[in-house]
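Okay, structure first, notes after.
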Amino acid sequence: MKTPKLKKVLATGPTIYLRRPATKDCDEFIRLNRASIRFYRGITTAISTPQQFARYISRCQNDDFEGLLICLRNGNAIVGSINLSQVFRGVFQNAYLGYQVGARFAGRGYMTEALRLALRYAFDTMKLHRLEANIQPNNAASIALVKRAGFTKEGYSRRYLKIGGRWRDHERWAMLAEDWSEKDHHDEDTRYCFVTGRLCSRARGLEYFGLAGRRASYPAVHC
Ligand SMILES: CC(C)(COP(=O)(O)OP(=O)(O)OC[C@H]1O[C@@H](n2cnc3c(N)ncnc32)[C@H](O)[C@@H]1OP(=O)(O)O)[C@@H](O)C(=O)NCCC(=O)NCCS
């Protein structure tokens, strides 16, 4: 079913924001993904043709799919994407989580920040009860990411997804709305480190950091 999705920017953090994709994003998104093909190999199959992008835009209109682009507040470049797919309502209230960041933007904390915003959107706005992420056991960056976000490892699925022509085992990680409300509350202690440019629970202090010349409302310190 299709319900009009009117709002474009869905959530904003210290360095990135999440928004819905639009037809005009086609070239930039494809360029980002094509430049990341080696980085994604064996992990995920990214959209790399205008036809695939058109299908993605069409899928984003459906109630059972939410496609989110991660964009830099400074300059608006698209750095990655998050998908909430197979959104199932009724007694399940579950969605499957997929995410990727372009190779040249990896390791800068963007997905940590984006995932936090996406979790708030999924649990607070969409009112989901459970999000599931399936991750290959050797994908250390992705496992570090969900662990830090507060996901729990629930199991191991043998030969779960066929990626790059091969059935691959995956670990099943999930977060419940209950886990998230505890975690999000706890995360009020998280500070924005002005030296590393990342959100960090180890950062301490009372300074404030200006983003793009503006005074931000995030307490910022050096961790
Ligand atoms: C997984 C992915 C989305 C992470 O995005 P990112 O923006 O680079 O993530 P962040 O910088 O916010 O954080 C990554 C964490 O993983 C850690 N990490 C990164 N590479 C790592 C590696 N090779 N081994 C171990 N840890 C690693 C980082 O140190 C960081 O943890 P820390 O803050 O505790 O140090 C990105 O690597 C990616 O797109 N990978 C390819 C696609 C993919 O794996 N998608 C998910 C499929 S399940």
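We label chains A, B, ... in the order they appear in the structure tokens, count residues from 1 in each chain, and number ligands from 1 in the order shown.
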
Task: Cut-off 6 Å, only C-alpha atoms and all ligand atoms, neighbours of ligand 1 as a ChimeraX atom specification - done: /A:40,43,99-101,106-112,134-135,140-142,144-145

The selected residues should be written to file as a PDB file, in the first residue's frame (atoms: N, CA and C atoms).
ATOM      1  N   TYR A  40      32.241  -2.810  -0.936  1.00  0.00           N
ATOM      2  CA  TYR A  40      31.016  -3.548  -0.631  1.00  0.00           C
ATOM      3  C   TYR A  40      31.083  -5.019  -1.057  1.00  0.00           C
ATOM      4  N   ILE A  43      29.584  -8.227   0.581  1.00  0.00           N
ATOM      5  CA  ILE A  43      28.819  -7.803   1.764  1.00  0.00           C
ATOM      6  C   ILE A  43      27.421  -7.362   1.365  1.00  0.00           C
ATOM      7  N   TYR A  99      22.341  -1.085   5.896  1.00  0.00           N
ATOM      8  CA  TYR A  99      23.022   0.225   5.861  1.00  0.00           C
ATOM      9  C   TYR A  99      24.350   0.102   5.149  1.00  0.00           C
ATOM     10  N   GLN A 100      24.801   1.222   4.625  1.00  0.00           N
ATOM     11  CA  GLN A 100      26.111   1.269   3.999  1.00  0.00           C
ATOM     12  C   GLN A 100      26.562   2.718   3.924  1.00  0.00           C
ATOM     13  N   VAL A 101      27.868   2.886   3.989  1.00  0.00           N
ATOM     14  CA  VAL A 101      28.433   4.219   3.852  1.00  0.00           C
ATOM     15  C   VAL A 101      29.427   4.135   2.692  1.00  0.00           C
ATOM     16  N   ALA A 106      33.929   6.195   5.032  1.00  0.00           N
ATOM     17  CA  ALA A 106      33.899   5.182   6.103  1.00  0.00           C
ATOM     18  C   ALA A 106      34.863   5.536   7.237  1.00  0.00           C
ATOM     19  N   GLY A 107      34.532   5.058   8.430  1.00  0.00           N
ATOM     20  CA  GLY A 107      35.423   5.190   9.582  1.00  0.00           C
ATOM     21  C   GLY A 107      35.456   6.586  10.172  1.00  0.00           C
ATOM     22  N   ARG A 108      34.472   7.405   9.857  1.00  0.00           N
ATOM     23  CA  ARG A 108      34.465   8.772  10.402  1.00  0.00           C
ATOM     24  C   ARG A 108      33.330   8.980  11.394  1.00  0.00           C
ATOM     25  N   GLY A 109      32.654   7.899  11.726  1.00  0.00           N
ATOM     26  CA  GLY A 109      31.589   8.013  12.720  1.00  0.00           C
ATOM     27  C   GLY A 109      30.229   8.379  12.129  1.00  0.00           C
ATOM     28  N   TYR A 110      30.158   8.495  10.800  1.00  0.00           N
ATOM     29  CA  TYR A 110      28.884   8.911  10.199  1.00  0.00           C
ATOM     30  C   TYR A 110      27.772   7.892  10.441  1.00  0.00           C
ATOM     31  N   MET A 111      28.104   6.592  10.311  1.00  0.00           N
ATOM     32  CA  MET A 111      27.031   5.599  10.486  1.00  0.00           C
ATOM     33  C   MET A 111      26.620   5.482  11.951  1.00  0.00           C
ATOM     34  N   THR A 112      27.568   5.684  12.839  1.00  0.00           N
ATOM     35  CA  THR A 112      27.211   5.665  14.266  1.00  0.00           C
ATOM     36  C   THR A 112      26.150   6.731  14.539  1.00  0.00           C
ATOM     37  N   ASN A 134      21.122  -8.350   9.973  1.00  0.00           N
ATOM     38  CA  ASN A 134      21.834  -9.608   9.728  1.00  0.00           C
ATOM     39  C   ASN A 134      23.207  -9.294   9.149  1.00  0.00           C
ATOM     40  N   ILE A 135      24.229  -9.802   9.833  1.00  0.00           N
ATOM     41  CA  ILE A 135      25.601  -9.360   9.557  1.00  0.00           C
ATOM     42  C   ILE A 135      26.524 -10.564   9.422  1.00  0.00           C
ATOM     43  N   ALA A 140      33.602  -6.914  10.791  1.00  0.00           N
ATOM     44  CA  ALA A 140      33.914  -6.357  12.117  1.00  0.00           C
ATOM     45  C   ALA A 140      33.357  -4.948  12.293  1.00  0.00           C
ATOM     46  N   ALA A 141      33.416  -4.129  11.250  1.00  0.00           N
ATOM     47  CA  ALA A 141      32.952  -2.740  11.385  1.00  0.00           C
ATOM     48  C   ALA A 141      31.457  -2.709  11.687  1.00  0.00           C
ATOM     49  N   SER A 142      30.701  -3.574  11.001  1.00  0.00           N
ATOM     50  CA  SER A 142      29.251  -3.583  11.183  1.00  0.00           C
ATOM     51  C   SER A 142      28.869  -4.146  12.556  1.00  0.00           C
ATOM     52  N   ALA A 144      30.787  -4.000  15.236  1.00  0.00           N
ATOM     53  CA  ALA A 144      31.154  -2.959  16.224  1.00  0.00           C
ATOM     54  C   ALA A 144      30.059  -1.897  16.282  1.00  0.00           C
ATOM     55  N   LEU A 145      29.524  -1.586  15.117  1.00  0.00           N
ATOM     56  CA  LEU A 145      28.490  -0.542  15.028  1.00  0.00           C
ATOM     57  C   LEU A 145      27.215  -0.925  15.797  1.00  0.00           C
TER      58      LEU A 145
END

Open item on the list: When you look at Ala174 (chain A) with a cut-off of 12 Å (counting only C-alpha atoms), what residues show up, excluding the ones that are within fewer than 5 positions of it in the same chain? I need them as number ranges by chain.
Closed with: A: 94-97, 119, 129-135, 143, 146-147, 149-156, 179-180

Those residues you just picked out, can you put them in a file as a compact mmCIF listing (two decimals), in the first residue's frame with N, CA and C atoms?
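Output saved as part-v4.txt:
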# COMPACT_ATOMS: atom_id res chain seq x y z
N ASN A 94 7.87 -5.13 13.11
CA ASN A 94 9.29 -5.40 12.89
C ASN A 94 9.75 -4.86 11.54
N ALA A 95 11.06 -4.52 11.45
CA ALA A 95 11.64 -4.21 10.15
C ALA A 95 13.06 -4.74 10.12
N TYR A 96 13.57 -4.96 8.90
CA TYR A 96 14.96 -5.39 8.70
C TYR A 96 15.79 -4.17 8.37
N LEU A 97 16.94 -4.10 9.00
CA LEU A 97 17.79 -2.93 8.86
C LEU A 97 18.96 -3.24 7.92
N LEU A 119 17.34 4.90 14.57
CA LEU A 119 16.68 4.14 15.64
C LEU A 119 15.59 4.97 16.28
N HIS A 129 8.49 -2.10 16.99
CA HIS A 129 8.88 -2.74 18.24
C HIS A 129 10.24 -3.43 18.15
N ARG A 130 10.64 -3.78 16.91
CA ARG A 130 11.87 -4.57 16.78
C ARG A 130 12.55 -4.27 15.45
N LEU A 131 13.88 -4.14 15.51
CA LEU A 131 14.67 -3.99 14.28
C LEU A 131 15.69 -5.11 14.25
N GLU A 132 15.82 -5.74 13.10
CA GLU A 132 16.76 -6.86 12.98
C GLU A 132 17.82 -6.53 11.93
N ALA A 133 19.08 -6.78 12.28
CA ALA A 133 20.19 -6.59 11.33
C ALA A 133 20.91 -7.92 11.19
N ASN A 134 21.12 -8.35 9.97
CA ASN A 134 21.83 -9.61 9.73
C ASN A 134 23.21 -9.29 9.15
N ILE A 135 24.23 -9.80 9.83
CA ILE A 135 25.60 -9.36 9.56
C ILE A 135 26.52 -10.56 9.42
N ILE A 143 29.60 -5.16 12.99
CA ILE A 143 29.32 -5.74 14.31
C ILE A 143 29.66 -4.72 15.41
N VAL A 146 26.69 -2.13 15.54
CA VAL A 146 25.43 -2.51 16.20
C VAL A 146 25.63 -2.76 17.70
N LYS A 147 26.80 -3.29 18.04
CA LYS A 147 27.08 -3.50 19.47
C LYS A 147 27.04 -2.17 20.19
N ALA A 149 25.57 0.47 19.32
CA ALA A 149 24.21 1.04 19.31
C ALA A 149 23.30 0.35 20.32
N GLY A 150 23.72 -0.81 20.83
CA GLY A 150 22.93 -1.48 21.86
C GLY A 150 22.13 -2.68 21.36
N PHE A 151 22.45 -3.18 20.17
CA PHE A 151 21.78 -4.38 19.67
C PHE A 151 22.25 -5.61 20.46
N THR A 152 21.42 -6.65 20.43
CA THR A 152 21.75 -7.92 21.09
C THR A 152 21.89 -9.00 20.02
N LYS A 153 22.92 -9.83 20.18
CA LYS A 153 23.08 -10.94 19.24
C LYS A 153 22.09 -12.04 19.62
N GLU A 154 21.26 -12.40 18.66
CA GLU A 154 20.19 -13.37 18.96
C GLU A 154 20.46 -14.75 18.38
N GLY A 155 21.31 -14.79 17.36
CA GLY A 155 21.50 -16.12 16.78
C GLY A 155 22.41 -16.10 15.56
N TYR A 156 22.47 -17.26 14.95
CA TYR A 156 23.37 -17.46 13.81
C TYR A 156 22.59 -18.19 12.72
N ASP A 179 14.77 -1.88 24.65
CA ASP A 179 16.23 -1.72 24.76
C ASP A 179 16.61 -0.29 24.41
N TRP A 180 15.96 0.20 23.36
CA TRP A 180 16.34 1.51 22.85
C TRP A 180 15.98 2.62 23.83

Task: Selection near region 18-25 of chain A, 6 Å with only C-alpha atoms, sequence-local residues under 6 positions removed, as a ChimeraX atom specification - done: /A:8-11,68-70
